[in-house]
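S.K.: model16.pdb (PDB, C-alpha atoms and all ligand atoms) pasted underneath:
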ATOM      1  CA  MET P  27      -2.770  30.813-197.463  1.00  0.00           C
ATOM      2  CA  VAL P  28      -4.406  34.020-196.291  1.00  0.00           C
ATOM      3  CA  THR P  29      -4.758  34.313-192.539  1.00  0.00           C
ATOM      4  CA  TYR P  30      -7.544  36.482-191.236  1.00  0.00           C
ATOM      5  CA  LYS P  31      -7.170  38.639-188.170  1.00  0.00           C
ATOM      6  CA  PRO P  32     -10.238  39.901-186.294  1.00  0.00           C
ATOM      7  CA  ASP P  33     -10.949  43.565-186.990  1.00  0.00           C
ATOM      8  CA  PHE P  34     -11.795  44.659-183.442  1.00  0.00           C
ATOM      9  CA  ARG P  35     -11.863  48.358-184.344  1.00  0.00           C
ATOM     10  CA  LYS P  36     -14.551  47.804-186.965  1.00  0.00           C
ATOM     11  CA  ALA P  37     -16.764  45.770-184.618  1.00  0.00           C
ATOM     12  CA  TYR P  38     -16.232  48.270-181.798  1.00  0.00           C
ATOM     13  CA  LYS P  39     -17.056  51.264-184.008  1.00  0.00           C
ATOM     14  CA  LEU P  40     -20.235  49.674-185.318  1.00  0.00           C
ATOM     15  CA  ALA P  41     -21.469  48.880-181.796  1.00  0.00           C
ATOM     16  CA  ASN P  42     -20.644  52.417-180.646  1.00  0.00           C
ATOM     17  CA  GLU P  43     -22.570  53.959-183.542  1.00  0.00           C
ATOM     18  CA  ILE P  44     -25.635  51.931-182.584  1.00  0.00           C
ATOM     19  CA  LEU P  45     -25.221  52.826-178.900  1.00  0.00           C
ATOM     20  CA  LEU P  46     -25.219  56.489-179.856  1.00  0.00           C
ATOM     21  CA  LYS P  47     -27.939  56.553-182.502  1.00  0.00           C
ATOM     22  CA  SER P  48     -30.459  54.067-181.122  1.00  0.00           C
ATOM     23  CA  ARG P  49     -33.620  55.458-179.616  1.00  0.00           C
ATOM     24  CA  GLU P  50     -34.488  52.083-178.172  1.00  0.00           C
ATOM     25  CA  ILE P  51     -31.329  51.900-176.074  1.00  0.00           C
ATOM     26  CA  LYS P  52     -31.741  54.353-173.224  1.00  0.00           C
ATOM     27  CA  GLY P  53     -29.962  52.295-170.589  1.00  0.00           C
ATOM     28  CA  PHE P  54     -29.165  48.694-169.743  1.00  0.00           C
ATOM     29  CA  PRO P  55     -30.500  46.095-170.142  1.00  0.00           C
ATOM     30  CA  PHE P  56     -32.481  47.034-173.274  1.00  0.00           C
ATOM     31  CA  SER P  57     -34.898  45.114-175.503  1.00  0.00           C
ATOM     32  CA  VAL P  58     -32.795  43.252-178.075  1.00  0.00           C
ATOM     33  CA  THR P  59     -35.720  42.495-180.409  1.00  0.00           C
ATOM     34  CA  LYS P  60     -36.728  46.166-180.517  1.00  0.00           C
ATOM     35  CA  VAL P  61     -33.163  47.206-181.352  1.00  0.00           C
ATOM     36  CA  ILE P  62     -32.887  44.607-184.128  1.00  0.00           C
ATOM     37  CA  LYS P  63     -36.133  45.955-185.567  1.00  0.00           C
ATOM     38  CA  GLU P  64     -34.811  49.507-185.306  1.00  0.00           C
ATOM     39  CA  ILE P  65     -31.491  48.860-187.068  1.00  0.00           C
ATOM     40  CA  SER P  66     -32.440  46.274-189.708  1.00  0.00           C
ATOM     41  CA  ASP P  67     -35.216  44.680-191.740  1.00  0.00           C
ATOM     42  CA  ILE P  68     -34.478  41.318-190.226  1.00  0.00           C
ATOM     43  CA  GLN P  69     -37.386  39.553-188.565  1.00  0.00           C
ATOM     44  CA  CYS P  70     -37.107  37.641-185.325  1.00  0.00           C
ATOM     45  CA  CYS P  71     -39.043  34.420-184.920  1.00  0.00           C
ATOM     46  CA  SER P  72     -39.123  31.923-182.055  1.00  0.00           C
ATOM     47  CA  TYR P  73     -38.511  28.205-182.670  1.00  0.00           C
ATOM     48  CA  ASP P  74     -42.077  27.598-181.495  1.00  0.00           C
ATOM     49  CA  ARG P  75     -43.518  29.750-184.218  1.00  0.00           C
ATOM     50  CA  ALA P  76     -41.084  28.377-186.795  1.00  0.00           C
ATOM     51  CA  HIS P  77     -42.321  24.911-185.908  1.00  0.00           C
ATOM     52  CA  LYS P  78     -45.868  25.917-186.825  1.00  0.00           C
ATOM     53  CA  TYR P  79     -44.654  26.970-190.260  1.00  0.00           C
ATOM     54  CA  ASP P  80     -42.997  23.581-190.724  1.00  0.00           C
ATOM     55  CA  ILE P  81     -39.516  25.024-190.667  1.00  0.00           C
ATOM     56  CA  ASP P  82     -36.938  22.393-189.855  1.00  0.00           C
ATOM     57  CA  ILE P  83     -35.646  23.800-186.563  1.00  0.00           C
ATOM     58  CA  GLU P  84     -33.757  20.605-185.749  1.00  0.00           C
ATOM     59  CA  SER P  85     -31.273  21.574-188.447  1.00  0.00           C
ATOM     60  CA  PHE P  86     -30.439  24.791-186.526  1.00  0.00           C
ATOM     61  CA  GLY P  87     -28.301  22.926-184.014  1.00  0.00           C
ATOM     62  CA  SER P  88     -27.840  23.910-180.387  1.00  0.00           C
ATOM     63  CA  ASP P  89     -27.361  27.665-180.739  1.00  0.00           C
ATOM     64  CA  ALA P  90     -29.730  29.976-178.856  1.00  0.00           C
ATOM     65  CA  ALA P  91     -30.311  31.902-182.096  1.00  0.00           C
ATOM     66  CA  ILE P  92     -29.499  31.551-185.767  1.00  0.00           C
ATOM     67  CA  LEU P  93     -29.628  33.883-188.751  1.00  0.00           C
ATOM     68  CA  THR P  94     -30.798  32.195-191.889  1.00  0.00           C
ATOM     69  CA  GLU P  95     -32.623  32.797-195.122  1.00  0.00           C
ATOM     70  CA  TYR P  96     -36.160  31.584-195.328  1.00  0.00           C
ATOM     71  CA  ALA P  97     -38.553  32.208-198.224  1.00  0.00           C
ATOM     72  CA  GLY P  98     -36.219  34.876-199.571  1.00  0.00           C
ATOM     73  CA  ARG P  99     -35.998  36.766-196.280  1.00  0.00           C
ATOM     74  CA  LEU P 100     -33.354  36.943-193.595  1.00  0.00           C
ATOM     75  CA  ILE P 101     -34.750  35.824-190.257  1.00  0.00           C
ATOM     76  CA  ILE P 102     -33.223  35.376-186.836  1.00  0.00           C
ATOM     77  CA  PHE P 103     -34.744  32.271-185.291  1.00  0.00           C
ATOM     78  CA  TYR P 104     -34.298  31.997-181.541  1.00  0.00           C
ATOM     79  CA  ASN P 105     -34.818  29.198-179.075  1.00  0.00           C
ATOM     80  CA  GLN P 106     -37.243  30.642-176.520  1.00  0.00           C
ATOM     81  CA  GLN P 107     -36.510  27.719-174.201  1.00  0.00           C
ATOM     82  CA  ASP P 108     -32.965  28.903-173.655  1.00  0.00           C
ATOM     83  CA  ILE P 109     -32.197  31.369-170.849  1.00  0.00           C
ATOM     84  CA  GLN P 110     -32.839  35.066-171.615  1.00  0.00           C
ATOM     85  CA  PRO P 111     -29.221  36.250-171.303  1.00  0.00           C
ATOM     86  CA  ARG P 112     -28.089  33.646-173.836  1.00  0.00           C
ATOM     87  CA  ILE P 113     -30.894  34.463-176.261  1.00  0.00           C
ATOM     88  CA  ARG P 114     -30.076  38.176-176.053  1.00  0.00           C
ATOM     89  CA  PHE P 115     -26.377  37.620-176.689  1.00  0.00           C
ATOM     90  CA  SER P 116     -26.977  35.150-179.521  1.00  0.00           C
ATOM     91  CA  MET P 117     -29.455  37.414-181.294  1.00  0.00           C
ATOM     92  CA  LEU P 118     -27.011  40.329-181.227  1.00  0.00           C
ATOM     93  CA  HIS P 119     -24.234  37.975-182.303  1.00  0.00           C
ATOM     94  CA  GLU P 120     -26.349  37.018-185.337  1.00  0.00           C
ATOM     95  CA  ILE P 121     -27.248  40.596-186.282  1.00  0.00           C
ATOM     96  CA  GLY P 122     -23.532  41.368-185.925  1.00  0.00           C
ATOM     97  CA  HIS P 123     -22.723  38.863-188.657  1.00  0.00           C
ATOM     98  CA  TYR P 124     -25.174  40.639-190.926  1.00  0.00           C
ATOM     99  CA  LEU P 125     -24.084  44.206-190.150  1.00  0.00           C
ATOM    100  CA  LEU P 126     -20.386  43.345-190.371  1.00  0.00           C
ATOM    101  CA  GLU P 127     -21.087  41.797-193.795  1.00  0.00           C
ATOM    102  CA  HIS P 128     -19.767  38.412-192.860  1.00  0.00           C
ATOM    103  CA  LYS P 129     -19.901  35.376-195.093  1.00  0.00           C
ATOM    104  CA  LEU P 130     -22.546  33.226-193.442  1.00  0.00           C
ATOM    105  CA  LYS P 131     -21.490  30.033-195.120  1.00  0.00           C
ATOM    106  CA  THR P 132     -17.773  29.629-195.216  1.00  0.00           C
ATOM    107  CA  GLU P 133     -15.660  26.509-195.328  1.00  0.00           C
ATOM    108  CA  ASN P 134     -12.584  28.441-194.277  1.00  0.00           C
ATOM    109  CA  LEU P 135     -12.128  27.754-190.577  1.00  0.00           C
ATOM    110  CA  ASN P 136      -9.771  30.665-190.097  1.00  0.00           C
ATOM    111  CA  LEU P 137     -12.260  33.107-191.632  1.00  0.00           C
ATOM    112  CA  TYR P 138     -15.080  31.520-189.647  1.00  0.00           C
ATOM    113  CA  GLU P 139     -13.196  32.056-186.381  1.00  0.00           C
ATOM    114  CA  LYS P 140     -12.300  35.643-187.261  1.00  0.00           C
ATOM    115  CA  GLN P 141     -15.980  36.365-187.901  1.00  0.00           C
ATOM    116  CA  GLU P 142     -17.052  34.681-184.664  1.00  0.00           C
ATOM    117  CA  VAL P 143     -14.589  36.702-182.605  1.00  0.00           C
ATOM    118  CA  GLU P 144     -15.631  39.956-184.278  1.00  0.00           C
ATOM    119  CA  THR P 145     -19.330  39.476-183.764  1.00  0.00           C
ATOM    120  CA  ASN P 146     -18.915  38.276-180.162  1.00  0.00           C
ATOM    121  CA  TYR P 147     -16.967  41.436-179.482  1.00  0.00           C
ATOM    122  CA  PHE P 148     -19.702  43.477-181.177  1.00  0.00           C
ATOM    123  CA  ALA P 149     -22.455  41.843-179.069  1.00  0.00           C
ATOM    124  CA  ALA P 150     -20.500  42.268-175.835  1.00  0.00           C
ATOM    125  CA  GLN P 151     -19.858  45.941-176.554  1.00  0.00           C
ATOM    126  CA  LEU P 152     -23.563  46.554-177.183  1.00  0.00           C
ATOM    127  CA  LEU P 153     -24.734  44.695-174.089  1.00  0.00           C
ATOM    128  CA  MET P 154     -22.008  45.970-171.740  1.00  0.00           C
ATOM    129  CA  PRO P 155     -20.364  49.047-173.282  1.00  0.00           C
ATOM    130  CA  GLU P 156     -16.729  49.261-172.296  1.00  0.00           C
ATOM    131  CA  GLN P 157     -16.948  53.017-171.724  1.00  0.00           C
ATOM    132  CA  THR P 158     -19.723  52.654-169.158  1.00  0.00           C
ATOM    133  CA  LEU P 159     -17.831  49.890-167.319  1.00  0.00           C
ATOM    134  CA  ILE P 160     -14.633  51.942-167.152  1.00  0.00           C
ATOM    135  CA  GLU P 161     -16.654  54.925-165.883  1.00  0.00           C
ATOM    136  CA  ILE P 162     -18.456  52.848-163.234  1.00  0.00           C
ATOM    137  CA  GLN P 163     -15.082  51.506-162.122  1.00  0.00           C
ATOM    138  CA  ALA P 164     -13.678  55.039-161.969  1.00  0.00           C
ATOM    139  CA  ARG P 165     -16.604  56.023-159.762  1.00  0.00           C
ATOM    140  CA  GLY P 166     -15.478  53.422-157.283  1.00  0.00           C
ATOM    141  CA  LYS P 167     -17.605  50.371-158.008  1.00  0.00           C
ATOM    142  CA  ARG P 168     -15.928  47.021-158.498  1.00  0.00           C
ATOM    143  CA  ILE P 169     -16.979  45.321-161.732  1.00  0.00           C
ATOM    144  CA  SER P 170     -17.704  41.737-160.735  1.00  0.00           C
ATOM    145  CA  THR P 171     -19.335  38.894-162.645  1.00  0.00           C
ATOM    146  CA  ASP P 172     -22.430  39.108-160.419  1.00  0.00           C
ATOM    147  CA  PHE P 173     -22.706  42.844-160.979  1.00  0.00           C
ATOM    148  CA  LEU P 174     -22.655  42.422-164.780  1.00  0.00           C
ATOM    149  CA  VAL P 175     -25.144  39.542-164.628  1.00  0.00           C
ATOM    150  CA  SER P 176     -27.666  41.510-162.561  1.00  0.00           C
ATOM    151  CA  SER P 177     -27.226  45.004-164.033  1.00  0.00           C
ATOM    152  CA  PHE P 178     -26.756  44.146-167.725  1.00  0.00           C
ATOM    153  CA  GLN P 179     -28.709  40.879-168.008  1.00  0.00           C
ATOM    154  CA  VAL P 180     -25.876  38.827-169.456  1.00  0.00           C
ATOM    155  CA  SER P 181     -24.822  35.255-168.758  1.00  0.00           C
ATOM    156  CA  LYS P 182     -22.067  34.467-166.259  1.00  0.00           C
ATOM    157  CA  GLU P 183     -19.896  33.279-169.118  1.00  0.00           C
ATOM    158  CA  ALA P 184     -20.320  36.536-171.077  1.00  0.00           C
ATOM    159  CA  ALA P 185     -19.689  38.556-167.912  1.00  0.00           C
ATOM    160  CA  ARG P 186     -16.476  36.687-167.160  1.00  0.00           C
ATOM    161  CA  LYS P 187     -15.181  37.165-170.711  1.00  0.00           C
ATOM    162  CA  ARG P 188     -16.004  40.856-170.530  1.00  0.00           C
ATOM    163  CA  ILE P 189     -13.989  41.310-167.369  1.00  0.00           C
ATOM    164  CA  GLU P 190     -11.055  39.504-168.968  1.00  0.00           C
ATOM    165  CA  THR P 191     -11.020  41.856-171.975  1.00  0.00           C
ATOM    166  CA  LEU P 192     -11.657  44.879-169.755  1.00  0.00           C
ATOM    167  CA  ASN P 193      -8.447  44.197-167.891  1.00  0.00           C
ATOM    168  CA  LYS P 194      -6.520  44.286-171.159  1.00  0.00           C
ATOM    169  CA  ILE P 195      -7.737  47.704-172.298  1.00  0.00           C
ATOM    170  CA  LYS P 196      -5.171  50.428-172.712  1.00  0.00           C
ATOM    171  CA  PRO P 197      -7.094  53.710-173.047  1.00  0.00           C
ATOM    172  CA  GLU P 198      -3.966  55.505-174.305  1.00  0.00           C
ATOM    173  CA  TYR P 199      -4.158  53.473-177.531  1.00  0.00           C
ATOM    174  CA  ARG P 200      -7.487  55.030-178.391  1.00  0.00           C
ATOM    175  CA  THR P 201      -7.552  57.332-181.419  1.00  0.00           C
ATOM    176  CA  ARG P 202      -9.043  60.815-181.091  1.00  0.00           C
ATOM    177  CA  ASP P 203     -12.204  59.729-182.891  1.00  0.00           C
ATOM    178  CA  GLU P 204     -12.633  56.812-180.535  1.00  0.00           C
ATOM    179  CA  LYS P 205     -12.203  59.061-177.497  1.00  0.00           C
ATOM    180  CA  GLU P 206     -14.857  61.398-178.849  1.00  0.00           C
ATOM    181  CA  PHE P 207     -17.228  58.440-179.101  1.00  0.00           C
ATOM    182  CA  ASP P 208     -16.417  57.518-175.515  1.00  0.00           C
ATOM    183  CA  ASP P 209     -17.408  60.965-174.256  1.00  0.00           C
ATOM    184  CA  LEU P 210     -20.659  61.026-176.232  1.00  0.00           C
ATOM    185  CA  ILE P 211     -21.628  57.588-175.004  1.00  0.00           C
ATOM    186  CA  LEU P 212     -20.982  58.557-171.398  1.00  0.00           C
ATOM    187  CA  LEU P 213     -23.110  61.657-171.911  1.00  0.00           C
ATOM    188  CA  LYS P 214     -25.992  59.709-173.430  1.00  0.00           C
ATOM    189  CA  TYR P 215     -26.022  57.128-170.640  1.00  0.00           C
ATOM    190  CA  LYS P 216     -25.421  59.549-167.783  1.00  0.00           C
ATOM    191  CA  MET P 217     -28.760  58.752-166.140  1.00  0.00           C
ATOM    192  CA  PHE P 218     -28.059  55.045-166.265  1.00  0.00           C
ATOM    193  CA  LEU P 219     -24.561  55.565-164.844  1.00  0.00           C
ATOM    194  CA  ASP P 220     -25.860  57.772-162.035  1.00  0.00           C
ATOM    195  CA  SER P 221     -28.458  55.143-161.160  1.00  0.00           C
ATOM    196  CA  ILE P 222     -25.675  52.581-160.729  1.00  0.00           C
ATOM    197  CA  MET P 223     -23.206  54.836-158.956  1.00  0.00           C
ATOM    198  CA  PRO P 224     -23.444  58.624-158.575  1.00  0.00           C
ATOM    199  CA  ALA P 225     -20.384  60.524-159.769  1.00  0.00           C
ATOM    200  CA  LYS P 226     -18.004  61.323-156.945  1.00  0.00           C
ATOM    201  CA  ASN P 227     -17.886  64.898-155.657  1.00  0.00           C
ATOM    202  CA  SER P 228     -19.077  66.459-158.880  1.00  0.00           C
ATOM    203  CA  TYR P 229     -21.380  68.895-157.054  1.00  0.00           C
ATOM    204  CA  ASN P 230     -19.059  69.561-154.162  1.00  0.00           C
ATOM    205  CA  TRP P 231     -16.437  70.854-156.488  1.00  0.00           C
ATOM    206  CA  PHE P 232     -18.762  73.609-157.725  1.00  0.00           C
ATOM    207  CA  ASP P 233     -19.993  74.362-154.202  1.00  0.00           C
ATOM    208  CA  ASP P 234     -16.465  74.714-152.952  1.00  0.00           C
ATOM    209  CA  GLU P 235     -15.484  76.913-155.822  1.00  0.00           C
ATOM    210  CA  TYR P 236     -18.559  79.092-155.305  1.00  0.00           C
ATOM    211  CA  GLU P 237     -17.840  79.498-151.610  1.00  0.00           C
ATOM    212  CA  ARG P 238     -14.191  80.234-152.203  1.00  0.00           C
ATOM    213  CA  GLN P 239     -15.151  82.897-154.727  1.00  0.00           C
ATOM    214  CA  GLN P 240     -17.565  84.450-152.232  1.00  0.00           C
ATOM    215  CA  GLU P 241     -14.778  84.515-149.687  1.00  0.00           C
ATOM    216  CA  ARG P 242     -12.439  86.161-152.183  1.00  0.00           C
ATOM    217  CA  ASP P 243     -15.120  88.732-153.015  1.00  0.00           C
ATOM    218  CA  THR P 244     -15.307  89.818-149.376  1.00  0.00           C
ATOM    219  CA  TRP P 245     -11.573  90.462-149.227  1.00  0.00           C
ATOM    220  CA  CYS P 246     -11.543  93.715-151.124  1.00  0.00           C
TER     221      CYS P 246
HETATM  222 ZN    ZN F 301     -21.664  33.127-185.419  1.00  0.00          ZN
END
Represent the structure contained in this file as structure tokens.
M.R.:
Amino acid sequence: MVTYKPDFRKAYKLANEILLKSREIKGFPFSVTKVIKEISDIQCCSYDRAHKYDIDIESFGSDAAILTEYAGRLIIFYNQQDIQPRIRFSMLHEIGHYLLEHKLKTENLNLYEKQEVETNYFAAQLLMPEQTLIEIQARGKRISTDFLVSSFQVSKEAARKRIETLNKIKPEYRTRDEKEFDDLILLKYKMFLDSIMPAKNSYNWFDDEYERQQERDTWC
């Protein structure tokens, strides 16, 4: 029997490409529906509206969002009664399945789980990019569940999971390409990062150097 292992690199790379290219994502939290519109042809439709079109929403189960084919089109249906953070995560989870070319209907439990893990990782990376969290931490702010909930509009559960994976990251395992992505992402979201926590001493260093040079210039 084939066993499937989650391809974290693939999910991570895809999320990073969107973080870099998207014009809709300028900081966090961002509008999930606008981003889905920007990166795909998939339509988003609330359960309320689906109900009006006589779509059997009861068959969707208890998920906050579901990607399914209807009248020859792929649509993400979402339960507007659920809490916003859950809807946002679920919608990105669903678009992740599509972008990662997952098999939507699979009987293979092992493959199903691999796909779930991959797309959860993809959604988490988009909503709370690892690079920005590491940078915020380096600037001296503690990354707590409450901080992620309020600054990134995610659920407590998603925030807790993020912190767990964050503590397992070994930056030295990053390839050169991945590190390049990290730098570009930090550059793009500099304003957002500064609004959370200004970089430590970045100006002082130049000031000091300037003054020291002036001092040196007066020596001769
Ligand atoms: Zn799924």
S.K.: Give me the residues within 7 Å of range 140-152 of chain P as a list in words, counting only C-alpha atoms and dropping any in the same chain fewer than 5 places off.
M.R.: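 Near range 140-152 of chain P, the qualifying residues are Tyr30, Lys31, Pro32, Asp33, Phe34, Ala37, Tyr38, Ala41, Leu45, Phe115, Leu118, His119, Gly122, His123 and His128 of chain P.
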S.K.: Can you list, as a ChimeraX atom specification, every protein, DNA or RNA residue that comes within 7 Å of range 160-164 of chain P when you count only C-alpha atoms, leaving out same-chain residues fewer than 4 positions away?
M.R.: /P:156,168-169,219,223
S.K.: Could you please take those selected residues and save C-alpha atoms as a PDB file, in the frame of the given file?
M.R.:
ATOM      1  CA  GLU P 156     -16.729  49.261-172.296  1.00  0.00           C
ATOM      2  CA  ARG P 168     -15.928  47.021-158.498  1.00  0.00           C
ATOM      3  CA  ILE P 169     -16.979  45.321-161.732  1.00  0.00           C
ATOM      4  CA  LEU P 219     -24.561  55.565-164.844  1.00  0.00           C
ATOM      5  CA  MET P 223     -23.206  54.836-158.956  1.00  0.00           C
TER       6      MET P 223
END
S.K.: Select, from P:Leu130, P:Leu210, P:Ile195, P:Val61, the residue with the minimum atom-to-atom distance to ligand ZN 301 (chain F), counting all atoms listed in the file.
M.R.: P:Leu130
S.K.: From the options P:Thr132, P:Ser181, P:Ser176, P:Gln157, which residue's atoms come nearest to ligand ZN 301 (chain F), counting all atoms listed in the file?
M.R.: P:Thr132
S.K.: If you measure from CA of Asp172 in chain P to CA of Ala185 in chain P, what distance in Å do you get, rounded to one decimal?
M.R.: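 These atoms are spaced 8.0 Å apart.
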S.K.: So that I can check the surroundings of Thr171 in chain P, please list as a ChimeraX atom specification every protein, DNA and RNA residue that reaches within 10 Å of it, counting all atoms listed in the file and ignoring chain neighbours fewer than 5 positions away.
M.R.: /P:176,180-189
S.K.: By how many Å are CA of Ser72 in chain P and CA of Tyr104 in chain P apart?
M.R.: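 Atom-to-atom, CA of Ser72 in chain P to CA of Tyr104 in chain P, that is 4.9 Å.
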S.K.: Of the residues P:Ile102, P:Leu212, P:Leu93, P:Ile81, which is the one nearest to ligand ZN 301 (chain F), using all atoms listed in the file?
M.R.: P:Leu93
S.K.: So, with all atoms listed in the file as the atoms that count, which of P:Phe103, P:Gly53, P:Glu95, P:Asp203 lies closest to Ser221 in chain P?
M.R.: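 Using all atoms listed in the file, Ser221 in chain P sits closest to P:Gly53.
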S.K.: Using all atoms listed in the file, which of P:Lys167, P:Lys131, P:Lys78, P:Arg112 sits nearest ligand ZN 301 (chain F)?
M.R.: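 For ligand ZN 301 (chain F), the nearest of the given residues is P:Lys131.
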S.K.: Taking all listed atoms of range 163-182 of chain P, build the axis-aligned box, pad each of the six sides by 3 Å, then write its centre and edge lengths in Å to one decimal as lines of an AutoDock Vina configuration file.
M.R.:
center_x = -21.2
center_y = 45.2
center_z = -163.4
size_x = 21.0
size_y = 27.6
size_z = 18.2
S.K.: Between CA of Phe218 in chain P and CA of Tyr199 in chain P, what is the distance, to one decimal in Å?
M.R.: 26.5 Å
S.K.: For the structure shown, which residues end up in the PyMOL selection byres (((chain P and resi 94) around 12) and not hetatm)? Put them as number ranges by chain, please?
M.R.: P: 68-71, 81-83, 85-86, 91-93, 95-104, 117, 120-121, 123-124, 129-131
S.K.: Output C-alpha atoms of each residue in that selection to a file, as a JSON list (two decimals), in the frame of the given file.
M.R.:
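So the final result, stored in again27.json, reads:
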[["chain", "number", "residue", "atom", "x", "y", "z"],
["P", 68, "ILE", "CA", -34.48, 41.32, -190.23],
["P", 69, "GLN", "CA", -37.39, 39.55, -188.56],
["P", 70, "CYS", "CA", -37.11, 37.64, -185.32],
["P", 71, "CYS", "CA", -39.04, 34.42, -184.92],
["P", 81, "ILE", "CA", -39.52, 25.02, -190.67],
["P", 82, "ASP", "CA", -36.94, 22.39, -189.86],
["P", 83, "ILE", "CA", -35.65, 23.80, -186.56],
["P", 85, "SER", "CA", -31.27, 21.57, -188.45],
["P", 86, "PHE", "CA", -30.44, 24.79, -186.53],
["P", 91, "ALA", "CA", -30.31, 31.90, -182.10],
["P", 92, "ILE", "CA", -29.50, 31.55, -185.77],
["P", 93, "LEU", "CA", -29.63, 33.88, -188.75],
["P", 95, "GLU", "CA", -32.62, 32.80, -195.12],
["P", 96, "TYR", "CA", -36.16, 31.58, -195.33],
["P", 97, "ALA", "CA", -38.55, 32.21, -198.22],
["P", 98, "GLY", "CA", -36.22, 34.88, -199.57],
["P", 99, "ARG", "CA", -36.00, 36.77, -196.28],
["P", 100, "LEU", "CA", -33.35, 36.94, -193.60],
["P", 101, "ILE", "CA", -34.75, 35.82, -190.26],
["P", 102, "ILE", "CA", -33.22, 35.38, -186.84],
["P", 103, "PHE", "CA", -34.74, 32.27, -185.29],
["P", 104, "TYR", "CA", -34.30, 32.00, -181.54],
["P", 117, "MET", "CA", -29.46, 37.41, -181.29],
["P", 120, "GLU", "CA", -26.35, 37.02, -185.34],
["P", 121, "ILE", "CA", -27.25, 40.60, -186.28],
["P", 123, "HIS", "CA", -22.72, 38.86, -188.66],
["P", 124, "TYR", "CA", -25.17, 40.64, -190.93],
["P", 129, "LYS", "CA", -19.90, 35.38, -195.09],
["P", 130, "LEU", "CA", -22.55, 33.23, -193.44],
["P", 131, "LYS", "CA", -21.49, 30.03, -195.12]]
